[in-house]
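Engineer: Dropping in protein-v8.cif, which is mmCIF, C-alpha atoms and all ligand atoms; chains and numbers go by the auth columns:
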data_protein
loop_
_atom_site.group_PDB
_atom_site.id
_atom_site.type_symbol
_atom_site.label_atom_id
_atom_site.label_comp_id
_atom_site.label_asym_id
_atom_site.label_seq_id
_atom_site.Cartn_x
_atom_site.Cartn_y
_atom_site.Cartn_z
_atom_site.B_iso_or_equiv
_atom_site.auth_seq_id
_atom_site.auth_asym_id
ATOM 1 C CA MET A 1 -116.176 -123.528 -14.969 0.00 581 A
ATOM 2 C CA ALA A 2 -118.259 -126.668 -15.602 0.00 582 A
ATOM 3 C CA ARG A 3 -120.092 -126.869 -18.912 0.00 583 A
ATOM 4 C CA ARG A 4 -123.699 -127.541 -17.981 0.00 584 A
ATOM 5 C CA THR A 5 -126.102 -129.229 -20.406 0.00 585 A
ATOM 6 C CA PRO A 6 -129.142 -126.959 -20.705 0.00 586 A
ATOM 7 C CA CYS A 7 -132.398 -128.421 -19.486 0.00 587 A
ATOM 8 C CA VAL A 8 -136.011 -127.482 -20.246 0.00 588 A
ATOM 9 C CA GLY A 9 -138.958 -128.998 -18.392 0.00 589 A
ATOM 10 C CA GLY A 10 -142.568 -128.893 -19.516 0.00 590 A
ATOM 11 C CA ASN A 11 -144.906 -128.904 -16.521 0.00 591 A
ATOM 12 C CA TRP A 12 -148.324 -129.727 -17.912 0.00 592 A
ATOM 13 C CA LYS A 13 -149.944 -129.279 -14.472 0.00 593 A
ATOM 14 C CA MET A 14 -153.605 -130.441 -14.311 0.00 594 A
ATOM 15 C CA ASN A 15 -154.133 -130.064 -18.061 0.00 595 A
ATOM 16 C CA THR A 16 -154.760 -132.347 -21.043 0.00 596 A
ATOM 17 C CA ARG A 17 -156.840 -135.471 -21.491 0.00 597 A
ATOM 18 C CA SER A 18 -155.376 -138.753 -22.573 0.00 598 A
ATOM 19 C CA ALA A 19 -155.545 -138.081 -26.337 0.00 599 A
ATOM 20 C CA ASP A 20 -154.002 -134.589 -26.123 0.00 600 A
ATOM 21 C CA ALA A 21 -151.318 -135.780 -23.695 0.00 601 A
ATOM 22 C CA ALA A 22 -150.190 -138.434 -26.170 0.00 602 A
ATOM 23 C CA ALA A 23 -150.339 -135.985 -29.092 0.00 603 A
ATOM 24 C CA LEU A 24 -148.367 -133.344 -27.209 0.00 604 A
ATOM 25 C CA ALA A 25 -145.771 -135.938 -26.206 0.00 605 A
ATOM 26 C CA ARG A 26 -145.438 -137.060 -29.840 0.00 606 A
ATOM 27 C CA ALA A 27 -144.800 -133.478 -30.919 0.00 607 A
ATOM 28 C CA VAL A 28 -142.218 -132.932 -28.163 0.00 608 A
ATOM 29 C CA VAL A 29 -140.407 -136.116 -29.207 0.00 609 A
ATOM 30 C CA ALA A 30 -140.444 -135.052 -32.865 0.00 610 A
ATOM 31 C CA ASP A 31 -138.933 -131.675 -31.922 0.00 611 A
ATOM 32 C CA ALA A 32 -136.369 -132.982 -29.410 0.00 612 A
ATOM 33 C CA SER A 33 -132.940 -131.432 -29.513 0.00 613 A
ATOM 34 C CA SER A 34 -129.676 -133.236 -28.930 0.00 614 A
ATOM 35 C CA ASP A 35 -128.186 -130.193 -27.167 0.00 615 A
ATOM 36 C CA VAL A 36 -130.868 -129.804 -24.522 0.00 616 A
ATOM 37 C CA GLU A 37 -132.196 -132.226 -21.927 0.00 617 A
ATOM 38 C CA VAL A 38 -135.987 -132.134 -22.228 0.00 618 A
ATOM 39 C CA VAL A 39 -138.286 -133.494 -19.527 0.00 619 A
ATOM 40 C CA VAL A 40 -142.082 -133.577 -19.633 0.00 620 A
ATOM 41 C CA PHE A 41 -144.209 -133.680 -16.484 0.00 621 A
ATOM 42 C CA PRO A 42 -147.708 -134.892 -17.453 0.00 622 A
ATOM 43 C CA PRO A 43 -150.529 -135.457 -14.965 0.00 623 A
ATOM 44 C CA ALA A 44 -149.965 -138.671 -12.982 0.00 624 A
ATOM 45 C CA VAL A 45 -152.835 -140.548 -14.616 0.00 625 A
ATOM 46 C CA TYR A 46 -151.257 -140.116 -18.062 0.00 626 A
ATOM 47 C CA LEU A 47 -147.662 -140.983 -17.156 0.00 627 A
ATOM 48 C CA GLN A 48 -147.850 -144.514 -18.446 0.00 628 A
ATOM 49 C CA GLU A 49 -149.410 -143.428 -21.701 0.00 629 A
ATOM 50 C CA VAL A 50 -146.847 -140.669 -22.248 0.00 630 A
ATOM 51 C CA HIS A 51 -144.079 -143.095 -21.345 0.00 631 A
ATOM 52 C CA GLU A 52 -145.111 -145.274 -24.276 0.00 632 A
ATOM 53 C CA VAL A 53 -144.633 -142.263 -26.555 0.00 633 A
ATOM 54 C CA VAL A 54 -141.324 -140.947 -25.179 0.00 634 A
ATOM 55 C CA SER A 55 -139.672 -144.273 -24.456 0.00 635 A
ATOM 56 C CA GLY A 56 -136.672 -144.782 -26.739 0.00 636 A
ATOM 57 C CA SER A 57 -136.415 -141.020 -27.405 0.00 637 A
ATOM 58 C CA SER A 58 -134.227 -138.463 -25.666 0.00 638 A
ATOM 59 C CA VAL A 59 -137.262 -136.944 -23.923 0.00 639 A
ATOM 60 C CA ALA A 60 -137.413 -137.828 -20.242 0.00 640 A
ATOM 61 C CA LEU A 61 -140.527 -138.312 -18.140 0.00 641 A
ATOM 62 C CA GLY A 62 -141.240 -136.901 -14.705 0.00 642 A
ATOM 63 C CA GLY A 63 -143.958 -136.838 -12.070 0.00 643 A
ATOM 64 C CA GLN A 64 -145.321 -133.502 -10.844 0.00 644 A
ATOM 65 C CA ASP A 65 -145.155 -134.569 -7.195 0.00 645 A
ATOM 66 C CA VAL A 66 -144.209 -137.551 -5.064 0.00 646 A
ATOM 67 C CA SER A 67 -145.146 -138.827 -1.650 0.00 647 A
ATOM 68 C CA GLU A 68 -142.553 -138.620 1.087 0.00 648 A
ATOM 69 C CA GLN A 69 -143.790 -142.056 2.166 0.00 649 A
ATOM 70 C CA ALA A 70 -142.976 -145.460 0.800 0.00 650 A
ATOM 71 C CA ASP A 71 -145.846 -147.602 -0.473 0.00 651 A
ATOM 72 C CA GLY A 72 -148.644 -148.295 1.984 0.00 652 A
ATOM 73 C CA ALA A 73 -151.811 -146.870 3.445 0.00 653 A
ATOM 74 C CA TRP A 74 -151.589 -143.316 2.073 0.00 654 A
ATOM 75 C CA THR A 75 -154.788 -142.667 0.177 0.00 655 A
ATOM 76 C CA GLY A 76 -154.354 -140.584 -2.945 0.00 656 A
ATOM 77 C CA GLN A 77 -150.558 -140.466 -2.841 0.00 657 A
ATOM 78 C CA VAL A 78 -148.106 -141.685 -5.463 0.00 658 A
ATOM 79 C CA SER A 79 -144.812 -143.192 -4.311 0.00 659 A
ATOM 80 C CA ALA A 80 -141.371 -142.693 -5.835 0.00 660 A
ATOM 81 C CA GLY A 81 -141.275 -146.421 -6.582 0.00 661 A
ATOM 82 C CA MET A 82 -144.530 -146.136 -8.544 0.00 662 A
ATOM 83 C CA LEU A 83 -143.196 -143.203 -10.561 0.00 663 A
ATOM 84 C CA ALA A 84 -140.061 -145.172 -11.439 0.00 664 A
ATOM 85 C CA ASP A 85 -142.196 -148.201 -12.266 0.00 665 A
ATOM 86 C CA VAL A 86 -144.150 -146.309 -14.956 0.00 666 A
ATOM 87 C CA GLY A 87 -140.979 -144.971 -16.551 0.00 667 A
ATOM 88 C CA CYS A 88 -140.320 -141.712 -14.724 0.00 668 A
ATOM 89 C CA THR A 89 -136.715 -140.682 -14.282 0.00 669 A
ATOM 90 C CA HIS A 90 -137.567 -137.264 -12.814 0.00 670 A
ATOM 91 C CA VAL A 91 -139.911 -135.623 -10.360 0.00 671 A
ATOM 92 C CA LEU A 92 -140.827 -132.070 -9.401 0.00 672 A
ATOM 93 C CA VAL A 93 -140.754 -131.253 -5.714 0.00 673 A
ATOM 94 C CA GLY A 94 -142.017 -128.066 -4.119 0.00 674 A
ATOM 95 C CA HIS A 95 -143.693 -126.477 -7.098 0.00 675 A
ATOM 96 C CA SER A 96 -145.241 -123.252 -5.839 0.00 676 A
ATOM 97 C CA GLU A 97 -148.733 -124.561 -6.487 0.00 677 A
ATOM 98 C CA ARG A 98 -147.992 -127.180 -3.824 0.00 678 A
ATOM 99 C CA ARG A 99 -145.644 -125.159 -1.619 0.00 679 A
ATOM 100 C CA HIS A 100 -147.817 -122.061 -1.465 0.00 680 A
ATOM 101 C CA GLY A 101 -151.117 -123.287 -2.905 0.00 681 A
ATOM 102 C CA LEU A 102 -151.360 -126.387 -0.695 0.00 682 A
ATOM 103 C CA GLY A 103 -149.123 -125.205 2.143 0.00 683 A
ATOM 104 C CA GLU A 104 -146.386 -127.840 1.872 0.00 684 A
ATOM 105 C CA PRO A 105 -143.615 -126.815 4.303 0.00 685 A
ATOM 106 C CA ASP A 106 -139.857 -127.110 3.738 0.00 686 A
ATOM 107 C CA SER A 107 -139.634 -130.072 6.124 0.00 687 A
ATOM 108 C CA LEU A 108 -142.116 -132.078 4.017 0.00 688 A
ATOM 109 C CA LEU A 109 -140.429 -131.039 0.770 0.00 689 A
ATOM 110 C CA ASN A 110 -137.073 -132.102 2.164 0.00 690 A
ATOM 111 C CA ALA A 111 -138.516 -135.534 2.984 0.00 691 A
ATOM 112 C CA LYS A 112 -139.872 -135.759 -0.581 0.00 692 A
ATOM 113 C CA VAL A 113 -136.485 -134.769 -2.048 0.00 693 A
ATOM 114 C CA ARG A 114 -134.674 -137.411 -0.036 0.00 694 A
ATOM 115 C CA THR A 115 -137.235 -140.156 -0.719 0.00 695 A
ATOM 116 C CA ALA A 116 -137.161 -139.463 -4.457 0.00 696 A
ATOM 117 C CA LEU A 117 -133.360 -139.356 -4.633 0.00 697 A
ATOM 118 C CA GLU A 118 -133.109 -142.582 -2.654 0.00 698 A
ATOM 119 C CA ALA A 119 -135.473 -144.204 -5.156 0.00 699 A
ATOM 120 C CA GLY A 120 -133.107 -143.196 -7.962 0.00 700 A
ATOM 121 C CA LEU A 121 -135.205 -140.350 -9.395 0.00 701 A
ATOM 122 C CA SER A 122 -133.718 -137.038 -10.484 0.00 702 A
ATOM 123 C CA VAL A 123 -135.322 -134.231 -8.531 0.00 703 A
ATOM 124 C CA MET A 124 -136.234 -130.772 -9.746 0.00 704 A
ATOM 125 C CA LEU A 125 -136.615 -128.767 -6.534 0.00 705 A
ATOM 126 C CA CYS A 126 -138.654 -125.594 -7.060 0.00 706 A
ATOM 127 C CA ILE A 127 -138.040 -122.493 -4.981 0.00 707 A
ATOM 128 C CA GLY A 128 -139.232 -118.912 -5.198 0.00 708 A
ATOM 129 C CA GLU A 129 -140.517 -115.907 -3.317 0.00 709 A
ATOM 130 C CA THR A 130 -144.006 -114.406 -3.235 0.00 710 A
ATOM 131 C CA LEU A 131 -144.713 -110.860 -4.389 0.00 711 A
ATOM 132 C CA ALA A 132 -144.965 -109.637 -0.771 0.00 712 A
ATOM 133 C CA GLU A 133 -141.568 -111.182 -0.004 0.00 713 A
ATOM 134 C CA ARG A 134 -139.984 -109.559 -3.065 0.00 714 A
ATOM 135 C CA GLU A 135 -141.508 -106.194 -2.232 0.00 715 A
ATOM 136 C CA GLY A 136 -140.415 -106.608 1.382 0.00 716 A
ATOM 137 C CA GLY A 137 -136.811 -107.110 0.272 0.00 717 A
ATOM 138 C CA THR A 138 -136.559 -110.651 1.643 0.00 718 A
ATOM 139 C CA THR A 139 -136.150 -112.577 -1.636 0.00 719 A
ATOM 140 C CA SER A 140 -132.621 -113.777 -0.844 0.00 720 A
ATOM 141 C CA ASP A 141 -133.484 -114.893 2.684 0.00 721 A
ATOM 142 C CA VAL A 142 -136.555 -116.748 1.465 0.00 722 A
ATOM 143 C CA VAL A 143 -134.969 -118.637 -1.417 0.00 723 A
ATOM 144 C CA LEU A 144 -131.813 -119.459 0.502 0.00 724 A
ATOM 145 C CA LYS A 145 -133.871 -120.909 3.351 0.00 725 A
ATOM 146 C CA GLN A 146 -135.789 -122.998 0.809 0.00 726 A
ATOM 147 C CA VAL A 147 -132.483 -124.271 -0.606 0.00 727 A
ATOM 148 C CA ARG A 148 -130.918 -125.004 2.795 0.00 728 A
ATOM 149 C CA GLU A 149 -133.991 -126.716 4.219 0.00 729 A
ATOM 150 C CA GLY A 150 -134.875 -128.477 0.973 0.00 730 A
ATOM 151 C CA LEU A 151 -131.411 -130.017 0.742 0.00 731 A
ATOM 152 C CA ALA A 152 -130.903 -130.820 4.428 0.00 732 A
ATOM 153 C CA GLY A 153 -129.388 -134.273 4.764 0.00 733 A
ATOM 154 C CA VAL A 154 -128.921 -134.697 0.996 0.00 734 A
ATOM 155 C CA PRO A 155 -125.454 -136.181 0.482 0.00 735 A
ATOM 156 C CA ILE A 156 -123.044 -134.568 -1.970 0.00 736 A
ATOM 157 C CA GLU A 157 -123.084 -137.691 -4.187 0.00 737 A
ATOM 158 C CA SER A 158 -126.789 -137.064 -4.858 0.00 738 A
ATOM 159 C CA LEU A 159 -126.294 -133.561 -6.225 0.00 739 A
ATOM 160 C CA ALA A 160 -125.707 -134.866 -9.740 0.00 740 A
ATOM 161 C CA ALA A 161 -129.361 -135.993 -9.706 0.00 741 A
ATOM 162 C CA LEU A 162 -130.639 -132.611 -8.549 0.00 742 A
ATOM 163 C CA THR A 163 -131.776 -129.547 -10.471 0.00 743 A
ATOM 164 C CA ILE A 164 -133.092 -126.395 -8.864 0.00 744 A
ATOM 165 C CA ALA A 165 -135.848 -124.371 -10.515 0.00 745 A
ATOM 166 C CA TYR A 166 -136.113 -120.765 -9.390 0.00 746 A
ATOM 167 C CA GLU A 167 -139.685 -119.667 -9.990 0.00 747 A
ATOM 168 C CA PRO A 168 -140.801 -116.398 -8.441 0.00 748 A
ATOM 169 C CA VAL A 169 -144.382 -117.098 -7.345 0.00 749 A
ATOM 170 C CA TRP A 170 -145.606 -113.775 -8.735 0.00 750 A
ATOM 171 C CA ALA A 171 -144.305 -114.727 -12.190 0.00 751 A
ATOM 172 C CA ILE A 172 -146.000 -118.117 -12.483 0.00 752 A
ATOM 173 C CA GLY A 173 -148.894 -118.065 -14.916 0.00 753 A
ATOM 174 C CA THR A 174 -149.250 -114.303 -14.612 0.00 754 A
ATOM 175 C CA GLY A 175 -147.463 -113.130 -17.749 0.00 755 A
ATOM 176 C CA LEU A 176 -145.002 -111.257 -15.484 0.00 756 A
ATOM 177 C CA THR A 177 -141.386 -112.378 -15.698 0.00 757 A
ATOM 178 C CA ALA A 178 -138.403 -111.540 -13.530 0.00 758 A
ATOM 179 C CA SER A 179 -135.983 -109.369 -15.472 0.00 759 A
ATOM 180 C CA PRO A 180 -132.989 -111.363 -16.714 0.00 760 A
ATOM 181 C CA LYS A 181 -130.802 -109.346 -14.343 0.00 761 A
ATOM 182 C CA ASP A 182 -132.984 -110.011 -11.273 0.00 762 A
ATOM 183 C CA ALA A 183 -133.255 -113.698 -12.138 0.00 763 A
ATOM 184 C CA GLN A 184 -129.494 -113.969 -12.681 0.00 764 A
ATOM 185 C CA GLU A 185 -128.862 -112.385 -9.282 0.00 765 A
ATOM 186 C CA VAL A 186 -130.959 -115.028 -7.523 0.00 766 A
ATOM 187 C CA HIS A 187 -129.447 -117.869 -9.572 0.00 767 A
ATOM 188 C CA ALA A 188 -125.923 -116.740 -8.717 0.00 768 A
ATOM 189 C CA LEU A 189 -126.848 -116.552 -5.045 0.00 769 A
ATOM 190 C CA VAL A 190 -128.354 -120.031 -5.101 0.00 770 A
ATOM 191 C CA ARG A 191 -125.217 -121.402 -6.767 0.00 771 A
ATOM 192 C CA GLU A 192 -123.021 -119.693 -4.216 0.00 772 A
ATOM 193 C CA THR A 193 -125.106 -121.127 -1.372 0.00 773 A
ATOM 194 C CA VAL A 194 -124.917 -124.649 -2.782 0.00 774 A
ATOM 195 C CA GLY A 195 -121.151 -124.083 -3.058 0.00 775 A
ATOM 196 C CA SER A 196 -120.928 -123.213 0.608 0.00 776 A
ATOM 197 C CA LEU A 197 -123.222 -126.067 1.691 0.00 777 A
ATOM 198 C CA TYR A 198 -121.306 -128.623 -0.422 0.00 778 A
ATOM 199 C CA ASP A 199 -118.359 -127.554 -2.575 0.00 779 A
ATOM 200 C CA VAL A 200 -117.680 -125.273 -5.522 0.00 780 A
ATOM 201 C CA PRO A 201 -117.297 -127.955 -8.240 0.00 781 A
ATOM 202 C CA SER A 202 -120.684 -129.467 -7.283 0.00 782 A
ATOM 203 C CA ALA A 203 -122.306 -126.038 -7.314 0.00 783 A
ATOM 204 C CA ASP A 204 -120.694 -125.280 -10.649 0.00 784 A
ATOM 205 C CA ALA A 205 -122.103 -128.454 -12.161 0.00 785 A
ATOM 206 C CA LEU A 206 -125.643 -127.905 -10.788 0.00 786 A
ATOM 207 C CA ARG A 207 -128.323 -126.860 -13.272 0.00 787 A
ATOM 208 C CA ILE A 208 -130.475 -123.980 -12.075 0.00 788 A
ATOM 209 C CA LEU A 209 -133.548 -123.334 -14.228 0.00 789 A
ATOM 210 C CA TYR A 210 -135.736 -120.256 -14.345 0.00 790 A
ATOM 211 C CA GLY A 211 -139.521 -120.573 -14.398 0.00 791 A
ATOM 212 C CA GLY A 212 -142.414 -118.135 -14.477 0.00 792 A
ATOM 213 C CA SER A 213 -144.080 -117.022 -17.717 0.00 793 A
ATOM 214 C CA VAL A 214 -141.205 -118.107 -19.941 0.00 794 A
ATOM 215 C CA LYS A 215 -142.252 -117.668 -23.577 0.00 795 A
ATOM 216 C CA PRO A 216 -140.493 -117.838 -26.933 0.00 796 A
ATOM 217 C CA SER A 217 -140.204 -114.037 -26.805 0.00 797 A
ATOM 218 C CA ASN A 218 -138.293 -113.837 -23.502 0.00 798 A
ATOM 219 C CA ALA A 219 -136.541 -117.220 -23.307 0.00 799 A
ATOM 220 C CA ALA A 220 -133.300 -116.347 -25.109 0.00 800 A
ATOM 221 C CA GLU A 221 -132.580 -113.310 -22.982 0.00 801 A
ATOM 222 C CA LEU A 222 -133.201 -115.189 -19.749 0.00 802 A
ATOM 223 C CA PHE A 223 -131.210 -118.232 -20.848 0.00 803 A
ATOM 224 C CA SER A 224 -128.208 -116.178 -21.919 0.00 804 A
ATOM 225 C CA GLN A 225 -127.575 -115.205 -18.284 0.00 805 A
ATOM 226 C CA GLU A 226 -124.524 -116.913 -16.889 0.00 806 A
ATOM 227 C CA ASP A 227 -126.254 -118.912 -14.142 0.00 807 A
ATOM 228 C CA ILE A 228 -129.520 -119.709 -15.934 0.00 808 A
ATOM 229 C CA ASP A 229 -129.295 -123.202 -17.406 0.00 809 A
ATOM 230 C CA GLY A 230 -132.721 -123.527 -18.975 0.00 810 A
ATOM 231 C CA GLY A 231 -136.320 -123.255 -17.860 0.00 811 A
ATOM 232 C CA LEU A 232 -139.310 -124.888 -16.243 0.00 812 A
ATOM 233 C CA ILE A 233 -142.238 -124.055 -18.476 0.00 813 A
ATOM 234 C CA GLY A 234 -145.926 -124.178 -17.576 0.00 814 A
ATOM 235 C CA GLY A 235 -148.432 -122.561 -19.940 0.00 815 A
ATOM 236 C CA ALA A 236 -146.161 -122.477 -22.993 0.00 816 A
ATOM 237 C CA SER A 237 -145.321 -126.182 -22.610 0.00 817 A
ATOM 238 C CA LEU A 238 -148.896 -127.049 -23.627 0.00 818 A
ATOM 239 C CA ASP A 239 -148.253 -125.650 -27.094 0.00 819 A
ATOM 240 C CA ALA A 240 -145.731 -127.827 -28.932 0.00 820 A
ATOM 241 C CA GLU A 241 -144.570 -125.008 -31.196 0.00 821 A
ATOM 242 C CA GLN A 242 -143.930 -122.593 -28.347 0.00 822 A
ATOM 243 C CA PHE A 243 -142.229 -125.295 -26.315 0.00 823 A
ATOM 244 C CA LYS A 244 -139.953 -126.140 -29.252 0.00 824 A
ATOM 245 C CA ALA A 245 -139.023 -122.474 -29.650 0.00 825 A
ATOM 246 C CA ILE A 246 -138.091 -122.347 -25.949 0.00 826 A
ATOM 247 C CA VAL A 247 -136.041 -125.565 -26.175 0.00 827 A
ATOM 248 C CA ASP A 248 -134.250 -124.160 -29.218 0.00 828 A
ATOM 249 C CA ALA A 249 -133.544 -120.934 -27.329 0.00 829 A
ATOM 250 C CA ALA A 250 -131.966 -122.957 -24.533 0.00 830 A
ATOM 251 C CA GLY A 251 -129.760 -124.792 -27.042 0.00 831 A
ATOM 252 C CA ARG A 252 -128.594 -121.498 -28.539 0.00 832 A
ATOM 253 C CA SER A 253 -128.423 -119.248 -25.512 0.00 833 A
ATOM 254 C CA CYS A 254 -127.423 -121.160 -22.385 0.00 834 A
ATOM 255 C CA VAL A 255 -123.738 -120.560 -21.839 0.00 835 A
HETATM 256 P P1 LIG B . -145.834 -120.680 -16.313 0.00 901 B
HETATM 257 O O1 LIG B . -145.578 -121.794 -15.178 0.00 901 B
HETATM 258 O O2 LIG B . -144.770 -120.911 -17.370 0.00 901 B
HETATM 259 O O3 LIG B . -147.228 -120.927 -16.809 0.00 901 B
HETATM 260 O O4 LIG B . -145.682 -119.364 -15.656 0.00 901 B
HETATM 261 C C1 LIG B . -144.286 -122.139 -14.784 0.00 901 B
HETATM 262 C C2 LIG B . -144.364 -123.204 -13.741 0.00 901 B
HETATM 263 O O5 LIG B . -145.321 -123.185 -12.944 0.00 901 B
HETATM 264 O O6 LIG B . -143.500 -124.099 -13.647 0.00 901 B
#
Please rewrite the model in this file as structure tokens.
Structural biologist:
Amino acid sequence: MARRTPCVGGNWKMNTRSADAAALARAVVADASSDVEVVVFPPAVYLQEVHEVVSGSSVALGGQDVSEQADGAWTGQVSAGMLADVGCTHVLVGHSERRHGLGEPDSLLNAKVRTALEAGLSVMLCIGETLAEREGGTTSDVVLKQVREGLAGVPIESLAALTIAYEPVWAIGTGLTASPKDAQEVHALVRETVGSLYDVPSADALRILYGGSVKPSNAAELFSQEDIDGGLIGGASLDAEQFKAIVDAAGRSCV
């Protein structure tokens, strides 16, 4: 089986002001680990400033969203080329606050994935079911559809630049977390699906992160599951000490 480098992302969402963003980035750089790939996703307006702090370190920079369009008359949007221009190497696509909160459909997210990959960015594609879908027993159908439709038309050579983040919607920012066993089940299913859409070695090499109320107290148990390769962290990524503890847990526990 492929040895996968653990990865932890810090999604700052619509938080911080310029001074705190720079301070948080400095702390993340100071705490960086050589065993774990760390990516921070600050608000778009602070990307350039955070880039100045992380540049030259092992901490990577990502945008929280990207337009599916190239540059042009698209008021309010940020293109993949612009993200790359300010030092981003990564981008989140399909975070539940956009997918469910803003109603972005799979077809749009697929266009964003392909545009970002074509621009040379690494994509973290977020998937996850709502509480009603989990309670209705349709979790597998929902996440597998998100994977299939999100990756439609993505060539196998691009998979090395892709990470999937499984984030049950009901666990994001709520303090509720999927049990390690439930999360592992979904991760294994996602890996199997990617294996059948592409091939087994590519699926084996793919990082699949868990997200949704990951904290220092639950990170190690989640990350020690076979198919969980790290985490996408919201709330706890705004606290440098908690984020460091989670990164350290990934270094110790991801297998
Ligand atoms: P949370 O957010 O850690 O605050 O639950 C996770 C995410 O939205 O990526």
Engineer: Which residues are close to Ser687 (chain A), i.e. within 8 Å by all atoms listed in the file, leaving aside same-chain residues fewer than 4 positions away? Reply as an mmCIF file with C-alpha atoms, in the frame of the given file.
Structural biologist:
data_model
loop_
_atom_site.group_PDB
_atom_site.id
_atom_site.type_symbol
_atom_site.label_atom_id
_atom_site.label_comp_id
_atom_site.auth_asym_id
_atom_site.auth_seq_id
_atom_site.Cartn_x
_atom_site.Cartn_y
_atom_site.Cartn_z
ATOM 1 C CA ALA A 691 -138.516 -135.534 2.984
ATOM 2 C CA GLU A 729 -133.991 -126.716 4.219
ATOM 3 C CA GLY A 730 -134.875 -128.477 0.973
#
Engineer: Compile the contact shell of Ala696 (chain A) as a PyMOL selection string: residues with an atom at most 9 Å away, counting all atoms listed in the file, same-chain residues fewer than 2 positions apart removed.
Structural biologist: chain A and resi 646-648+659-661+670-671+691-694+698-703
Engineer: Show me which residues line ligand LIG 901 (chain B), defined as having an atom within 8 Å of a ligand atom where all atoms listed in the file count, and present them as number ranges by chain.
Structural biologist: A: 590-591, 593, 675-677, 747, 751-755, 791-795, 812-817
Engineer: What is the distance, in Å and to one decimal place, between CA of Val619 (chain A) and CA of Thr669 (chain A)?
Structural biologist: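 Computing it gives 9.0 Å between the two atoms.
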Engineer: Name the residues in contact with Leu672 (chain A) at a cut-off of 7 Å, using all atoms listed in the file, excluding same-chain residues fewer than 6 positions from it; report them as a PyMOL selection string.
Structural biologist: chain A and resi 643-645+703-705
